[in-house]
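Peer 1: If you scroll down you'll find the structure; I have some questions about it.
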Amino acid sequence: MNAPLRRVGVVVLALFAMLFVNLNYQQWYKADEYRNHPRNSRVQVEEYSRARGTISIANGEAVAQSRETTDTFKYLRVYPFKTKYAHVVGYKPVYGTAAYVERLNNEFLAGNAPEQFTDRLAAMFTGNESPGGIVGLTLSKAAQDAAFEELKNNDLNTKKGAVIALDPKTGALLAEVSLPSFDPNQLSTHDSKASSEAYNALLADPDKPLANRATSEILAPGSTMKVILAAAALESGMKPDTVIDAGQYYSPPQSGSYQMKNASPSTCPNPTITLQQALTVSCNTAFGKLGAETLGADKIKEMAKKFGFEEAPEFVDDDKNVMNTVASQTGTMTGSDGKADPAAVALSSIGQKDVRMTPLQGALVAAAVANGGKQMRPYVVDTLQNSGLSVIDKTQPSTLRRVVSESIAGDLQTMMISVVDSGTGKPAKISGLRVGGKTGTAENGENTDDHGWFIGFAMKGNEPLIAVAVLLEGSGKGGSHEAARIAGQVMKAYADERGTR
Amino acid sequence: MLTAAAPGPPPSSPGNGPAVSAPYAGRGNPRNTELGLVALALGIVGTYTAAMEAGAIDQISVHFWIPVATLAIFFLGLNVANRFLAPDADPIFLPAVALINGMGVAFLRRIDLYDDKIHDRTDYSAFSGLGFRQLLWTALSIAFAIVVLAVVRDHKSLSRYAYTLGFAGIVLVMIPAVLPARLSMVNGAKLWINFGFFSIQPGEFAKIALLVFFAYYLVRKREVLSLASKRFLGLDFPRGRDLGPVIAVWAMSLMVLVFEKDLGTSLMYFGMFVATLYIATERASWLIIGLGLFGGGVYLAYILGGLVGGPFANFRVRADIWLDPFSDADHKGYQLVQSLLGLGTGGLFGTGPGEGYPRKIPEVQNDFISAGLGEEIGLFGLTAILVVYLIIVFRGLRAALGVHDSFGKLFAGGLAFTLGLQVFVIVGGVSQLIPLTGQTTPFLSAGGSSLMANWILVTLLIRISDAARRPADGPTAKPGGPPSAGGPAKLQEMATEVMR
């Protein structure tokens, strides 16, 4: 009977081998999937047993913090300003992935980042739970308040829009608002059913409150595109006082009966106009012809690219693009047969046809002009601090690209300041600062309302202070006017906060 | 521990009871090896308990040493008993089982501490809860094991009661099926006899009783059963009329499956029988027939469960959960889903002793204890525990190889295989390898019936290994014991039915 006994041993070995293989499969191969499975609350209970770090803005005020509760999950993530910072700070749901800064610095906030190793080690010896790190944002309280309130209570009663403001010298994000917004507290609740219901309701909302109109929605930029045309013109050797063709109408070559018009017959009726004046009054016919017949599609595209088009402007230390930025684009400027199409180029030159831009890109254009042609990479996290408030990391501003030479940037500044001083951008004017900008009204197809745009900057003397882009989506008539006013209010609030006015 | 290199016995070994003469030069006294290994096992359990308490309640409670010390007393008691009652027995069984039993007690205390923390109790008493009950059951089981060792001085004497034990086994299996659900149903399986203040699982004891009968019956019938009638596909198949008992056991297993709603027990009985049948006859055809019958029966039950429901529905549900637990993750599949998520969360190294969430898995103290443990000690820890089981099974098979009588071989082989199969069935069940069944994890799960039955099982293996390793000139030491049960094994060889 010994032979079969040995074979029984082999059978038992085979059965146990199956157990081992299966346990390896479940505990190794599937481990990550199971660990992060929505039905698995173990990781969450563990995570929520420690206080997640605070997220604060530049003045130290907390915009996301952890509050102790008596639930299974010890700490509740709360957002004291509800909808105001939602599209920058984001949210941290119990199940599922976080968004924006909550996700960008998730490990650090949770206390699990490599640079917090010594903190964890110390906590082990003192017996305390190691708390999460504190993330300090670059956001300005005054700028964000002004952006949020002015956009929300805009004179046109437009429900959708965005405001974004950057420090031109550093790229630091000063304000970012997208409306309609959402309340991250609804998503961070410990009631997982309520959380997923709230999330689904936000997803189903036709106004798309979860969408970030400031960084990831691309719309036709309208006449704000003319800043890029002006830059291309200056680069090709023109000066602000170079006289170009204008007039009430412009018929691009080989385009049949199509005629380009201006916003109003009185905009630039004379046959010629200086480049600066064309920008100041936003003369469509002048820029249409400049683009279609003088510069051509290639030069326009090249300059747009120099300003950052065709590439998502990623934030500093955001390789995964958690801040959700999208590339702006110039689109096709040729006809359907692939050949040069002057009408398409003319329309693209005034920010129509297939040109699409995000407000962030608009702000980056204005920031580059204000900063002497040097575009800084945007960033939102200023400092990472441990719980003892000592700074572990401070973001160093970094150059994204050199867009134009300093002298061309200087010319563009003069021209854009002229827009605000005496042209379409007057509502953005603030006393005590040199404000420059460009309005835009983007046609949005038949039977829908136009979008109102404003991109601009404020300078104290020769020092750039702030660059702002405002979008009023589907605002209809007067949108660019109101956008300029909102931008001015944001600049003014920020300058007052800084005491630089 | 005494050095193995010491030539001959030490002049005196304090605390080791009467001086025992070393039977084989250079091998040392197996009981001293056993003692050393038990100390090692207790050291591991003690370390685990301390780490577990530190993890679970951020301190090591004043009670932490009590379970370990209690276990130490009883394990040492068994070691001393072995010196008198089974001096030549394999020294691996006791420490291996002590390790698993100790881990079980410690993990059940871990569950108590989890509950304490949830309910804000801070005395962390070692004299309450699942851990304490398990400790008491361990003590009782070991006391009973010593009684078994003392009474069953020769495993062959069991064969005299084969028919009685076989009948008792069938009765024990059948009782829960006959009893009303109120008295026999726990968690959907009718496997219990509920006495109100406590309940027992008669099936756990029936296993051993039935094995005695199987071994006895098969030794007598082995010649007949191995008689081939037909060759088919290169295998020798038995005569049709010899299939009777196999069919009977198969029918009984399926009845257990259907009426006690338990695939695991059914699989255990049938697997036990087929394994012993194969060992007895050396005919692979029996394995094929057995697996075919069982597989077919299970498949039929699955189909019937879908078509007619009724008594088959429970099995159908379990099979469906196994196939896709996540399809109904909040209700029917909840337990298995939480088990898998726990195992996955533990990953390779585990969350650390006392750092997991065992109560996320319903019934973690019973069937799912390996999943709860796997979460905290990880793949490596769980694998180590399974290896210890494997060691017990292989030492059991080794005892079977070493013992001289056919009954002993078959009985030991059956016991060892049963233990291995049960571990496979339950650990496979909680890790989604096979459909989940209501089996306990031997020596780990909370519950007296299982613990005691498995201690009896391993005690019988100790007994048989003692006979297997006994030098030819009789037992090494029998201080105060009666003379050997009956001389050389040959004289006790049972009659084998003659071929006609």
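Residue numbering restarts at 1 in every chain; chains get A, B, ... in the order shown in the structure tokens, and ligands count up from 1 in that same order.
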So that I can check the secondary structure, give me every residue of region 203-440 of chain B assigned strand (DSSP E) by backbone DSSP, as a list in words.

Peer 2: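 DSSP-assigned strand (DSSP E) residues in region 203-440 of chain B: Ala228, Ser229, Lys230, Arg231, Phe232, Leu235, Asp236, Phe237 and Pro238 of chain B.
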
Peer 1: Could you turn the residues from that selection into a file that holds N, CA and C atoms, as an mmCIF file, in the first residue's frame?

Peer 2:
```
data_model
loop_
_atom_site.group_PDB
_atom_site.id
_atom_site.type_symbol
_atom_site.label_atom_id
_atom_site.label_comp_id
_atom_site.auth_asym_id
_atom_site.auth_seq_id
_atom_site.Cartn_x
_atom_site.Cartn_y
_atom_site.Cartn_z
ATOM 1 N N ALA B 228 -10.032 -6.909 -11.151
ATOM 2 C CA ALA B 228 -10.483 -6.187 -12.336
ATOM 3 C C ALA B 228 -11.394 -7.047 -13.180
ATOM 4 N N SER B 229 -12.341 -6.417 -13.802
ATOM 5 C CA SER B 229 -13.172 -7.172 -14.721
ATOM 6 C C SER B 229 -12.985 -6.692 -16.150
ATOM 7 N N LYS B 230 -12.892 -5.420 -16.305
ATOM 8 C CA LYS B 230 -12.794 -4.886 -17.669
ATOM 9 C C LYS B 230 -11.640 -3.899 -17.759
ATOM 10 N N ARG B 231 -11.015 -3.907 -18.890
ATOM 11 C CA ARG B 231 -10.019 -2.867 -19.160
ATOM 12 C C ARG B 231 -10.628 -1.874 -20.124
ATOM 13 N N PHE B 232 -10.540 -0.627 -19.752
ATOM 14 C CA PHE B 232 -11.128 0.401 -20.600
ATOM 15 C C PHE B 232 -10.228 1.625 -20.558
ATOM 16 N N LEU B 235 -7.333 1.502 -18.237
ATOM 17 C CA LEU B 235 -7.546 1.399 -16.794
ATOM 18 C C LEU B 235 -8.334 0.129 -16.501
ATOM 19 N N ASP B 236 -8.011 -0.486 -15.361
ATOM 20 C CA ASP B 236 -8.751 -1.677 -14.949
ATOM 21 C C ASP B 236 -9.954 -1.251 -14.139
ATOM 22 N N PHE B 237 -11.122 -1.601 -14.597
ATOM 23 C CA PHE B 237 -12.320 -1.214 -13.855
ATOM 24 C C PHE B 237 -12.829 -2.377 -13.027
ATOM 25 N N PRO B 238 -13.363 -2.105 -11.847
ATOM 26 C CA PRO B 238 -13.822 -3.172 -10.953
ATOM 27 C C PRO B 238 -15.104 -3.822 -11.465
#
```

Peer 1: Find the residues of chain A that sit at most 9 Å from chain B; for each, write down the nearest two atoms and how far apart they are in Å, to one decimal. Count only C-alpha atoms. Sort by chain, then by number going up, and give it as CSV.

Peer 2:
```
residue,atom,partner,partner_atom,distance
A:Met1,CA,B:Ile279,CA,6.0
A:Asn2,CA,B:Leu401,CA,5.8
A:Ala3,CA,B:Glu282,CA,7.7
A:Pro4,CA,B:Ile279,CA,5.0
A:Leu5,CA,B:Ile279,CA,5.9
A:Arg6,CA,B:Leu397,CA,7.7
A:Arg7,CA,B:Ile279,CA,8.8
A:Val8,CA,B:Phe417,CA,7.3
A:Gly9,CA,B:Phe394,CA,6.8
A:Val12,CA,B:Gly420,CA,6.4
A:Leu13,CA,B:Leu390,CA,7.7
A:Leu15,CA,B:Phe424,CA,6.5
A:Phe16,CA,B:Phe424,CA,6.6
A:Met18,CA,B:Leu433,CA,8.0
A:Leu19,CA,B:Gly428,CA,6.1
A:Phe20,CA,B:Thr383,CA,7.0
A:Asn22,CA,B:Leu433,CA,6.5
A:Leu23,CA,B:Ser431,CA,6.8
A:Asn24,CA,B:Leu379,CA,6.9
A:Gln26,CA,B:Gly344,CA,6.0
A:Gln27,CA,B:Gly347,CA,4.5
A:Trp28,CA,B:Gly347,CA,5.6
A:Tyr29,CA,B:Gly344,CA,8.7
A:Lys30,CA,B:Gly344,CA,6.4
A:Ala31,CA,B:Gly344,CA,4.0
A:Asp32,CA,B:Gly344,CA,6.9
A:Glu33,CA,B:Gly344,CA,7.7
A:Tyr34,CA,B:Leu341,CA,4.9
A:Arg35,CA,B:Thr345,CA,4.6
A:Asn36,CA,B:Thr345,CA,8.3
A:His37,CA,B:Leu341,CA,7.5
A:Arg39,CA,B:Ala329,CA,7.6
A:Asn40,CA,B:Leu341,CA,6.0
A:Ser41,CA,B:Lys360,CA,8.6
A:Arg42,CA,B:Tyr357,CA,6.4
A:Val43,CA,B:Thr345,CA,7.6
A:Val45,CA,B:Tyr357,CA,8.9
A:Glu46,CA,B:Gly356,CA,8.9
A:Gly127,CA,B:Asp58,CA,7.8
```

Peer 1: The selected residues should be written to file as a short mmCIF file (atom, residue, chain, number, x, y, z; two decimals), in the first residue's frame (atoms: N, CA and C atoms).

Peer 2:
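Generated output (result.cif):
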```
data_model
loop_
_atom_site.label_atom_id
_atom_site.label_comp_id
_atom_site.auth_asym_id
_atom_site.auth_seq_id
_atom_site.Cartn_x
_atom_site.Cartn_y
_atom_site.Cartn_z
N MET A 1 0.82 -1.21 0.00
CA MET A 1 0.00 0.00 0.00
C MET A 1 0.86 1.26 0.00
N ASN A 2 2.18 1.09 -0.02
CA ASN A 2 3.03 2.28 0.10
C ASN A 2 3.02 3.14 -1.15
N ALA A 3 2.94 2.47 -2.31
CA ALA A 3 2.94 3.27 -3.55
C ALA A 3 1.73 4.21 -3.61
N PRO A 4 0.52 3.71 -3.39
CA PRO A 4 -0.62 4.65 -3.42
C PRO A 4 -0.53 5.70 -2.31
N LEU A 5 0.03 5.35 -1.15
CA LEU A 5 0.17 6.36 -0.09
C LEU A 5 1.05 7.51 -0.57
N ARG A 6 2.12 7.13 -1.28
CA ARG A 6 3.01 8.19 -1.81
C ARG A 6 2.26 9.02 -2.83
N ARG A 7 1.44 8.34 -3.64
CA ARG A 7 0.70 9.10 -4.64
C ARG A 7 -0.33 10.02 -3.99
N VAL A 8 -0.91 9.56 -2.88
CA VAL A 8 -1.83 10.45 -2.15
C VAL A 8 -1.08 11.69 -1.68
N GLY A 9 0.18 11.45 -1.26
CA GLY A 9 1.01 12.60 -0.87
C GLY A 9 1.16 13.58 -2.03
N VAL A 12 -2.08 15.54 -2.39
CA VAL A 12 -2.20 16.61 -1.40
C VAL A 12 -1.29 17.77 -1.78
N LEU A 13 -0.10 17.42 -2.24
CA LEU A 13 0.84 18.46 -2.66
C LEU A 13 0.24 19.27 -3.82
N LEU A 15 -2.96 19.66 -4.47
CA LEU A 15 -4.06 20.48 -3.95
C LEU A 15 -3.50 21.75 -3.30
N PHE A 16 -2.44 21.57 -2.49
CA PHE A 16 -1.86 22.74 -1.83
C PHE A 16 -1.19 23.67 -2.84
N MET A 18 -2.27 24.23 -5.74
CA MET A 18 -3.38 25.03 -6.28
C MET A 18 -3.72 26.16 -5.32
N LEU A 19 -3.73 25.85 -4.01
CA LEU A 19 -4.01 26.90 -3.02
C LEU A 19 -2.97 28.00 -3.10
N PHE A 20 -1.70 27.60 -3.20
CA PHE A 20 -0.63 28.60 -3.23
C PHE A 20 -0.73 29.47 -4.47
N ASN A 22 -3.35 30.05 -6.25
CA ASN A 22 -4.55 30.90 -6.16
C ASN A 22 -4.34 32.05 -5.17
N LEU A 23 -3.68 31.76 -4.04
CA LEU A 23 -3.45 32.84 -3.07
C LEU A 23 -2.49 33.88 -3.64
N ASN A 24 -1.51 33.43 -4.42
CA ASN A 24 -0.64 34.39 -5.09
C ASN A 24 -1.43 35.27 -6.04
N GLN A 26 -4.67 35.98 -5.81
CA GLN A 26 -5.56 36.89 -5.10
C GLN A 26 -4.80 37.95 -4.29
N GLN A 27 -3.69 37.56 -3.69
CA GLN A 27 -3.01 38.49 -2.77
C GLN A 27 -1.87 39.24 -3.41
N TRP A 28 -1.53 38.85 -4.64
CA TRP A 28 -0.43 39.55 -5.29
C TRP A 28 -0.92 40.19 -6.57
N TYR A 29 -1.35 39.33 -7.51
CA TYR A 29 -1.76 39.83 -8.81
C TYR A 29 -2.98 40.75 -8.69
N LYS A 30 -3.96 40.34 -7.89
CA LYS A 30 -5.19 41.13 -7.78
C LYS A 30 -5.14 42.11 -6.62
N ALA A 31 -4.04 42.13 -5.87
CA ALA A 31 -4.00 42.89 -4.62
C ALA A 31 -4.38 44.36 -4.81
N ASP A 32 -3.79 45.00 -5.81
CA ASP A 32 -4.06 46.43 -6.00
C ASP A 32 -5.51 46.66 -6.36
N GLU A 33 -6.02 45.81 -7.23
CA GLU A 33 -7.42 45.95 -7.63
C GLU A 33 -8.33 45.82 -6.41
N TYR A 34 -8.06 44.81 -5.57
CA TYR A 34 -8.91 44.60 -4.40
C TYR A 34 -8.73 45.72 -3.38
N ARG A 35 -7.48 46.15 -3.23
CA ARG A 35 -7.20 47.20 -2.24
C ARG A 35 -7.99 48.47 -2.57
N ASN A 36 -8.09 48.76 -3.86
CA ASN A 36 -8.75 50.00 -4.27
C ASN A 36 -10.17 49.77 -4.76
N HIS A 37 -10.69 48.60 -4.46
CA HIS A 37 -12.03 48.28 -4.93
C HIS A 37 -13.07 49.13 -4.19
N ARG A 39 -15.85 48.43 -3.10
CA ARG A 39 -16.54 47.72 -2.01
C ARG A 39 -15.63 47.51 -0.82
N ASN A 40 -14.40 47.92 -0.96
CA ASN A 40 -13.43 47.68 0.10
C ASN A 40 -13.25 48.97 0.90
N SER A 41 -13.71 49.00 2.12
CA SER A 41 -13.59 50.23 2.89
C SER A 41 -12.41 50.18 3.85
N ARG A 42 -11.63 49.07 3.82
CA ARG A 42 -10.52 48.94 4.77
C ARG A 42 -9.51 50.07 4.61
N VAL A 43 -9.12 50.28 3.34
CA VAL A 43 -8.11 51.29 3.07
C VAL A 43 -8.63 52.67 3.50
N VAL A 45 -10.96 53.33 5.84
CA VAL A 45 -11.01 53.47 7.29
C VAL A 45 -9.63 53.84 7.83
N GLU A 46 -8.64 53.17 7.27
CA GLU A 46 -7.25 53.44 7.65
C GLU A 46 -6.87 54.88 7.31
N GLY A 127 4.18 57.39 19.16
CA GLY A 127 2.89 56.71 19.30
C GLY A 127 1.74 57.50 18.72
#
```

Peer 1: Could you check how far CA of Ser178 (chain A) sits from CA of Arg213 (chain A), in Å to one decimal?

Peer 2: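 Between these atoms lies a distance of 5.3 Å.
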
Peer 1: So what do you get for CA of Gly388 (chain A) versus CA of Leu121 (chain A), distance-wise?

Peer 2: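 Computing the Euclidean distance for CA of Gly388 (chain A) and CA of Leu121 (chain A) yields 14.4 Å.
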